[in-house]
Amino acid sequence: MDLSPAIPATAGQPLSLKRPVLVLDPASPDMHRDAARMRAAGPVVPVTLPGDVACWAVTRNASARIIQSDPGTFSADRAHWRALKDGEVPEDWSLRGLAVPRRSLVTVDGLDHRRLRKPLASAFTARRVEELRTYIETTTARLLNVLAATAANASGGVVDFRKTLAWPLPMTVISHLLGVPQRDHADLRRWCQVIFDDTQDPADALMAFHDYLTRLVALRRRAPQDDLISALLSLPDDQQLTDEELIPTAQVLVIAGHETTVHLLVNGVRALCGHPQQLELLLRGKVSWETAVEEILRWQPPTANFLARFATRDVTVDGVDIAAGDMVMLSYIAMGRDEERYGPDAGRFDINRVPRSHLSFGYGTHRCPGERLARLEGALALRALFTRFPGLALADPPPRSPSVLMNSYPRLPVRLTPSADRPTADTPAEV
Ligand code: HEM
């Protein structure tokens, strides 16, 4: 059944935001089918987001690199967005919180961006991230005990992997870094659920989140602790962030620091359960878990579609005319399975693939500063999970989360079956 109202590009006519090749639908059952349609239509194609908001989708790595390495032409600053300036973006737009966030490193370029990003970048150097290895391993081991105990007490031995491990692990790690108390995790979880749901107005959740961080920052200002928020507050005078910068920055770190890693873990378990022969190679040490994480990120990018950049002038990319003020979306889900780049079997999950760098962490000056941490969490958690429960199997497959931006599932029921019951054949279908 074809649920997404695709509008074919009219042959001979130039691509235009008025003639989208696809209307993205949060209820679409298959993001990869949608991504394939965008990719087939070209490297830069017009699409419509939920809420009837138009933008260009970039579907190829090479085009994304051009756009993301030229912040002068493709700015992160929402002030360039013509539709926003002209009042065409609905006030209660469900994607407003992600597309038009408060000012932080995500929404600025140049010197301002360097100033806001520098103190974060130093928190995620190779050395600093490596120092977290033991903490991640210990937290994972503790959560695996919870997973086992929950399964033992559940009917049919089925446990929600997302709720019990994939969500609490990255949230605990980023909270440990930032100094967010564990007792507040339930609130953060509730707010994020709304923020990433394309069918809900996120305004109240965003405000509650912002108020919460305002209180936390005030608390750390009065009584500093050994954490990143306190470190940001004690920068030298000439590098200080204002509260209007610091609070949204902390919000970006909490959200970006856990949400996408949750999807990496969930999608990783789905991919490896669907490909037991490849899981076997990992368990026998024939392929590294780090390599598998790269393939998971390519095949199932956590951030399916990323908003956004804004054209500061009329410009042509790959033969497509983008007008000053247009919004540009980076479609990592389309780029990840590009046959021109990854070969005719780009749609196949294969941890033996000769690695060719994916762009799932972005590119250029805004490239994800947390990528090392995400990779480490992914490799350690998946290795510990499958080493302890090699027979883990998916239970009832869940429907996708209602989002056009996140490649995510609200639950992942799994059964911790004994290894003897392990399936041995890879599933032929793409998932
Ligand atoms: C698998 C997990 C993750 C994925 C797939 C991911 C992906 C991305 C992507 C696509 C961007 C946008 C890049 C751009 O605008 O060009 C980004 C930015 C960002 N990410 Fe991540 N990320 C992940 C984990 C993390 C973690 C663990 C942290 C924090 C510890 C983090 C913090 C950030 C921040 C602060 C930015 C904004 C950077 C800027 O605008 O300069 N991310 N990430």
# chains A, B, ... in the order shown; residues from 1 in each chain; ligands from 1
call {"tool": "residues_near_ligand", "arguments": {"ligand": "ligand 1", "cutoff": "6 Å", "atoms": "only C-alpha atoms and all ligand atoms", "output": "JSON, numbers by chain"}}
result
{"A": [105, 106, 117, 252, 253, 256, 257, 258, 260, 261, 264, 302, 303, 360, 361, 362, 363, 366, 367, 368, 369, 370, 371, 373, 374]}
call {"tool": "residues_around", "arguments": {"residues": "A:Pro181", "least_positions_apart": "4", "cutoff": "10 Å", "atoms": "only C-alpha atoms", "output": "list in words"}}
result
Thr172, Ser175, His176, His185 and Leu216 of chain A
call {"tool": "write_last_selection", "arguments": {"atoms": "N, CA and C atoms", "output": "mmCIF file, in the first residue's frame"}}
result
data_model
loop_
_atom_site.group_PDB
_atom_site.id
_atom_site.type_symbol
_atom_site.label_atom_id
_atom_site.label_comp_id
_atom_site.auth_asym_id
_atom_site.auth_seq_id
_atom_site.Cartn_x
_atom_site.Cartn_y
_atom_site.Cartn_z
ATOM 1 N N THR A 172 22.438 8.182 30.712
ATOM 2 C CA THR A 172 23.259 8.154 31.929
ATOM 3 C C THR A 172 24.649 8.726 31.638
ATOM 4 N N SER A 175 24.439 12.527 31.014
ATOM 5 C CA SER A 175 24.092 13.169 32.292
ATOM 6 C C SER A 175 25.291 13.187 33.221
ATOM 7 N N HIS A 176 26.050 12.108 33.208
ATOM 8 C CA HIS A 176 27.271 12.018 34.022
ATOM 9 C C HIS A 176 28.241 13.139 33.606
ATOM 10 N N HIS A 185 15.729 12.138 34.986
ATOM 11 C CA HIS A 185 15.720 11.468 33.677
ATOM 12 C C HIS A 185 14.315 11.235 33.131
ATOM 13 N N LEU A 216 18.955 24.374 36.556
ATOM 14 C CA LEU A 216 20.171 23.582 36.779
ATOM 15 C C LEU A 216 21.427 24.451 36.632
#
call {"tool": "select_by_dssp", "arguments": {"residues": "stretch 78-326 of chain A", "states": "helix (DSSP H, G or I)", "output": "ChimeraX atom specification"}}
result
/A:78-80,82-85,96-99,105-107,110-124,126-130,133-153,155-157,161-166,168-178,182-195,203-222,228-233,237-239,243-273,276-283,289-299
call {"tool": "residues_around", "arguments": {"residues": "A:Trp93", "least_positions_apart": "3", "cutoff": "10 Å", "atoms": "only C-alpha atoms", "output": "number ranges by chain"}}
result
A: 50-53, 89-90, 96-97, 99, 198-203
call {"tool": "closest_residue", "arguments": {"among": "A:Arg337, A:Arg400, A:Asp92, A:Ala384", "to": "A:His32", "atoms": "only C-alpha atoms"}}
result
A:Arg337
call {"tool": "closest_atom_pairs", "arguments": {"of": "stretch 341-426 of chain A", "to": "stretch 266-283 of chain A", "cutoff": "10 Å", "atoms": "only C-alpha atoms", "output": "JSON lines"}}
result
{"residue": "A:Phe349", "atom": "CA", "partner": "A:Ala271", "partner_atom": "CA", "distance": 7.5}
{"residue": "A:Asp350", "atom": "CA", "partner": "A:Gln278", "partner_atom": "CA", "distance": 7.6}
{"residue": "A:Ile351", "atom": "CA", "partner": "A:Gln278", "partner_atom": "CA", "distance": 6.9}
{"residue": "A:Asn352", "atom": "CA", "partner": "A:Gln278", "partner_atom": "CA", "distance": 8.4}
{"residue": "A:Gly378", "atom": "CA", "partner": "A:Gly268", "partner_atom": "CA", "distance": 8.2}
{"residue": "A:Ala379", "atom": "CA", "partner": "A:Gly268", "partner_atom": "CA", "distance": 9.7}
{"residue": "A:Leu382", "atom": "CA", "partner": "A:Val269", "partner_atom": "CA", "distance": 7.4}
{"residue": "A:Arg383", "atom": "CA", "partner": "A:Leu283", "partner_atom": "CA", "distance": 8.0}
{"residue": "A:Leu385", "atom": "CA", "partner": "A:Val269", "partner_atom": "CA", "distance": 9.1}
{"residue": "A:Phe386", "atom": "CA", "partner": "A:Leu283", "partner_atom": "CA", "distance": 7.6}
{"residue": "A:Thr387", "atom": "CA", "partner": "A:Leu283", "partner_atom": "CA", "distance": 6.8}
{"residue": "A:Pro390", "atom": "CA", "partner": "A:Leu283", "partner_atom": "CA", "distance": 8.1}
{"residue": "A:Gly391", "atom": "CA", "partner": "A:Cys273", "partner_atom": "CA", "distance": 8.9}
{"residue": "A:Leu392", "atom": "CA", "partner": "A:Cys273", "partner_atom": "CA", "distance": 7.3}
{"residue": "A:Ala393", "atom": "CA", "partner": "A:Cys273", "partner_atom": "CA", "distance": 6.1}
{"residue": "A:Leu394", "atom": "CA", "partner": "A:Cys273", "partner_atom": "CA", "distance": 6.7}
{"residue": "A:Pro397", "atom": "CA", "partner": "A:Arg270", "partner_atom": "CA", "distance": 9.4}
{"residue": "A:Asn407", "atom": "CA", "partner": "A:Asn267", "partner_atom": "CA", "distance": 8.4}
{"residue": "A:Ser408", "atom": "CA", "partner": "A:Asn267", "partner_atom": "CA", "distance": 7.6}
{"residue": "A:Tyr409", "atom": "CA", "partner": "A:Val266", "partner_atom": "CA", "distance": 7.5}
{"residue": "A:Pro410", "atom": "CA", "partner": "A:Val266", "partner_atom": "CA", "distance": 9.6}
{"residue": "A:Arg411", "atom": "CA", "partner": "A:Val266", "partner_atom": "CA", "distance": 8.6}
{"residue": "A:Leu412", "atom": "CA", "partner": "A:Val266", "partner_atom": "CA", "distance": 6.9}
{"residue": "A:Val414", "atom": "CA", "partner": "A:Val269", "partner_atom": "CA", "distance": 9.3}
{"residue": "A:Arg422", "atom": "CA", "partner": "A:Pro276", "partner_atom": "CA", "distance": 7.9}
{"residue": "A:Pro423", "atom": "CA", "partner": "A:Pro276", "partner_atom": "CA", "distance": 6.5}
{"residue": "A:Thr424", "atom": "CA", "partner": "A:Pro276", "partner_atom": "CA", "distance": 5.5}
{"residue": "A:Ala425", "atom": "CA", "partner": "A:Pro276", "partner_atom": "CA", "distance": 6.3}
{"residue": "A:Asp426", "atom": "CA", "partner": "A:His275", "partner_atom": "CA", "distance": 4.2}
call {"tool": "residues_around", "arguments": {"residues": "stretch 318-323 of chain A", "least_positions_apart": "2", "cutoff": "9 Å", "atoms": "only C-alpha atoms", "output": "PyMOL selection string"}}
result
chain A and resi 14-16+42-45+56+63+311-316+325-328
call {"tool": "atom_distance", "arguments": {"atom1": "atom CA of A:Phe389", "atom2": "atom CA of A:Ala141"}}
result
12.1 Å
call {"tool": "closest_residue", "arguments": {"among": "A:Ile333, A:Val317, A:Leu359, A:Leu188", "to": "A:Thr73", "atoms": "only C-alpha atoms"}}
result
A:Val317
call {"tool": "closest_residue", "arguments": {"among": "A:Phe209, A:Phe74, A:Phe196, A:Tyr342", "to": "A:Pro402", "atoms": "only C-alpha atoms"}}
result
A:Phe196
call {"tool": "select_by_dssp", "arguments": {"residues": "stretch 289-392 of chain A", "states": "strand (DSSP E)", "output": "list of chain:residue names"}}
result
A:Asn305, A:Phe306, A:Leu307, A:Ala308, A:Arg309, A:Phe310, A:Ala311, A:Val315, A:Thr316, A:Val317, A:Val320, A:Asp321, A:Ile322, A:Met327, A:Val328, A:Met329, A:Leu330, A:Ser331, A:Leu392
call {"tool": "write_last_selection", "arguments": {"atoms": "N, CA, C and O atoms", "output": "CSV table (one decimal), in the first residue's frame"}}
result
chain,number,residue,atom,x,y,z
A,305,ASN,N,17.1,12.5,8.4
A,305,ASN,CA,17.1,13.7,7.7
A,305,ASN,C,17.4,14.8,8.7
A,305,ASN,O,16.8,14.9,9.8
A,306,PHE,N,18.3,15.7,8.3
A,306,PHE,CA,18.8,16.7,9.3
A,306,PHE,C,18.4,18.1,8.8
A,306,PHE,O,18.7,18.5,7.6
A,307,LEU,N,17.8,18.9,9.7
A,307,LEU,CA,17.5,20.3,9.4
A,307,LEU,C,18.4,21.2,10.1
A,307,LEU,O,18.5,21.1,11.3
A,308,ALA,N,19.1,22.1,9.5
A,308,ALA,CA,19.0,22.5,8.1
A,308,ALA,C,20.1,23.5,7.8
A,308,ALA,O,20.8,24.0,8.7
A,309,ARG,N,20.3,23.8,6.6
A,309,ARG,CA,21.1,24.9,6.1
A,309,ARG,C,20.2,25.9,5.3
A,309,ARG,O,19.1,25.4,4.8
A,310,PHE,N,20.6,27.1,5.2
A,310,PHE,CA,19.7,28.1,4.5
A,310,PHE,C,20.6,28.9,3.5
A,310,PHE,O,21.7,29.4,3.9
A,311,ALA,N,20.1,28.9,2.3
A,311,ALA,CA,20.9,29.6,1.2
A,311,ALA,C,21.0,31.1,1.5
A,311,ALA,O,19.9,31.7,1.7
A,315,VAL,N,22.0,30.2,-5.8
A,315,VAL,CA,23.1,29.4,-6.1
A,315,VAL,C,22.7,28.1,-6.8
A,315,VAL,O,21.5,27.7,-6.6
A,316,THR,N,23.5,27.6,-7.7
A,316,THR,CA,23.2,26.3,-8.4
A,316,THR,C,24.1,25.2,-7.9
A,316,THR,O,25.3,25.3,-7.8
A,317,VAL,N,23.5,24.1,-7.4
A,317,VAL,CA,24.2,22.9,-7.0
A,317,VAL,C,23.8,21.7,-7.8
A,317,VAL,O,22.6,21.5,-7.9
A,320,VAL,N,20.9,22.3,-10.0
A,320,VAL,CA,19.6,22.7,-9.4
A,320,VAL,C,19.7,24.1,-8.9
A,320,VAL,O,20.6,24.4,-8.1
A,321,ASP,N,18.8,25.0,-9.2
A,321,ASP,CA,18.8,26.3,-8.8
A,321,ASP,C,18.1,26.4,-7.4
A,321,ASP,O,17.0,26.1,-7.2
A,322,ILE,N,18.9,26.9,-6.4
A,322,ILE,CA,18.4,27.1,-5.1
A,322,ILE,C,18.4,28.6,-4.8
A,322,ILE,O,19.4,29.3,-5.1
A,327,MET,N,15.4,26.6,2.4
A,327,MET,CA,15.9,25.7,3.4
A,327,MET,C,16.4,24.5,2.7
A,327,MET,O,15.8,24.0,1.7
A,328,VAL,N,17.5,23.9,3.2
A,328,VAL,CA,18.2,22.7,2.6
A,328,VAL,C,18.3,21.7,3.7
A,328,VAL,O,18.8,21.9,4.8
A,329,MET,N,17.7,20.5,3.5
A,329,MET,CA,17.8,19.4,4.4
A,329,MET,C,18.8,18.3,4.0
A,329,MET,O,18.9,18.0,2.8
A,330,LEU,N,19.6,17.9,4.9
A,330,LEU,CA,20.6,16.8,4.6
A,330,LEU,C,19.9,15.5,4.8
A,330,LEU,O,19.6,15.1,6.0
A,331,SER,N,19.8,14.7,3.7
A,331,SER,CA,19.1,13.4,3.9
A,331,SER,C,20.1,12.3,4.0
A,331,SER,O,20.5,11.7,3.0
A,392,LEU,N,19.9,-13.7,21.6
A,392,LEU,CA,18.9,-12.6,21.7
A,392,LEU,C,18.1,-12.5,20.3
A,392,LEU,O,18.7,-12.6,19.3
call {"tool": "closest_residue", "arguments": {"among": "A:Phe124, A:Tyr212, A:Pro20, A:Pro170", "to": "A:Asp184", "atoms": "only C-alpha atoms"}}
result
A:Tyr212
call {"tool": "closest_residue", "arguments": {"among": "A:Val108, A:Leu116, A:Leu169, A:Leu213", "to": "A:Arg142", "atoms": "only C-alpha atoms"}}
result
A:Leu169
call {"tool": "closest_residue", "arguments": {"among": "A:Leu405, A:Val354, A:Val173, A:Leu24", "to": "A:Tyr135", "atoms": "only C-alpha atoms"}}
result
A:Val173
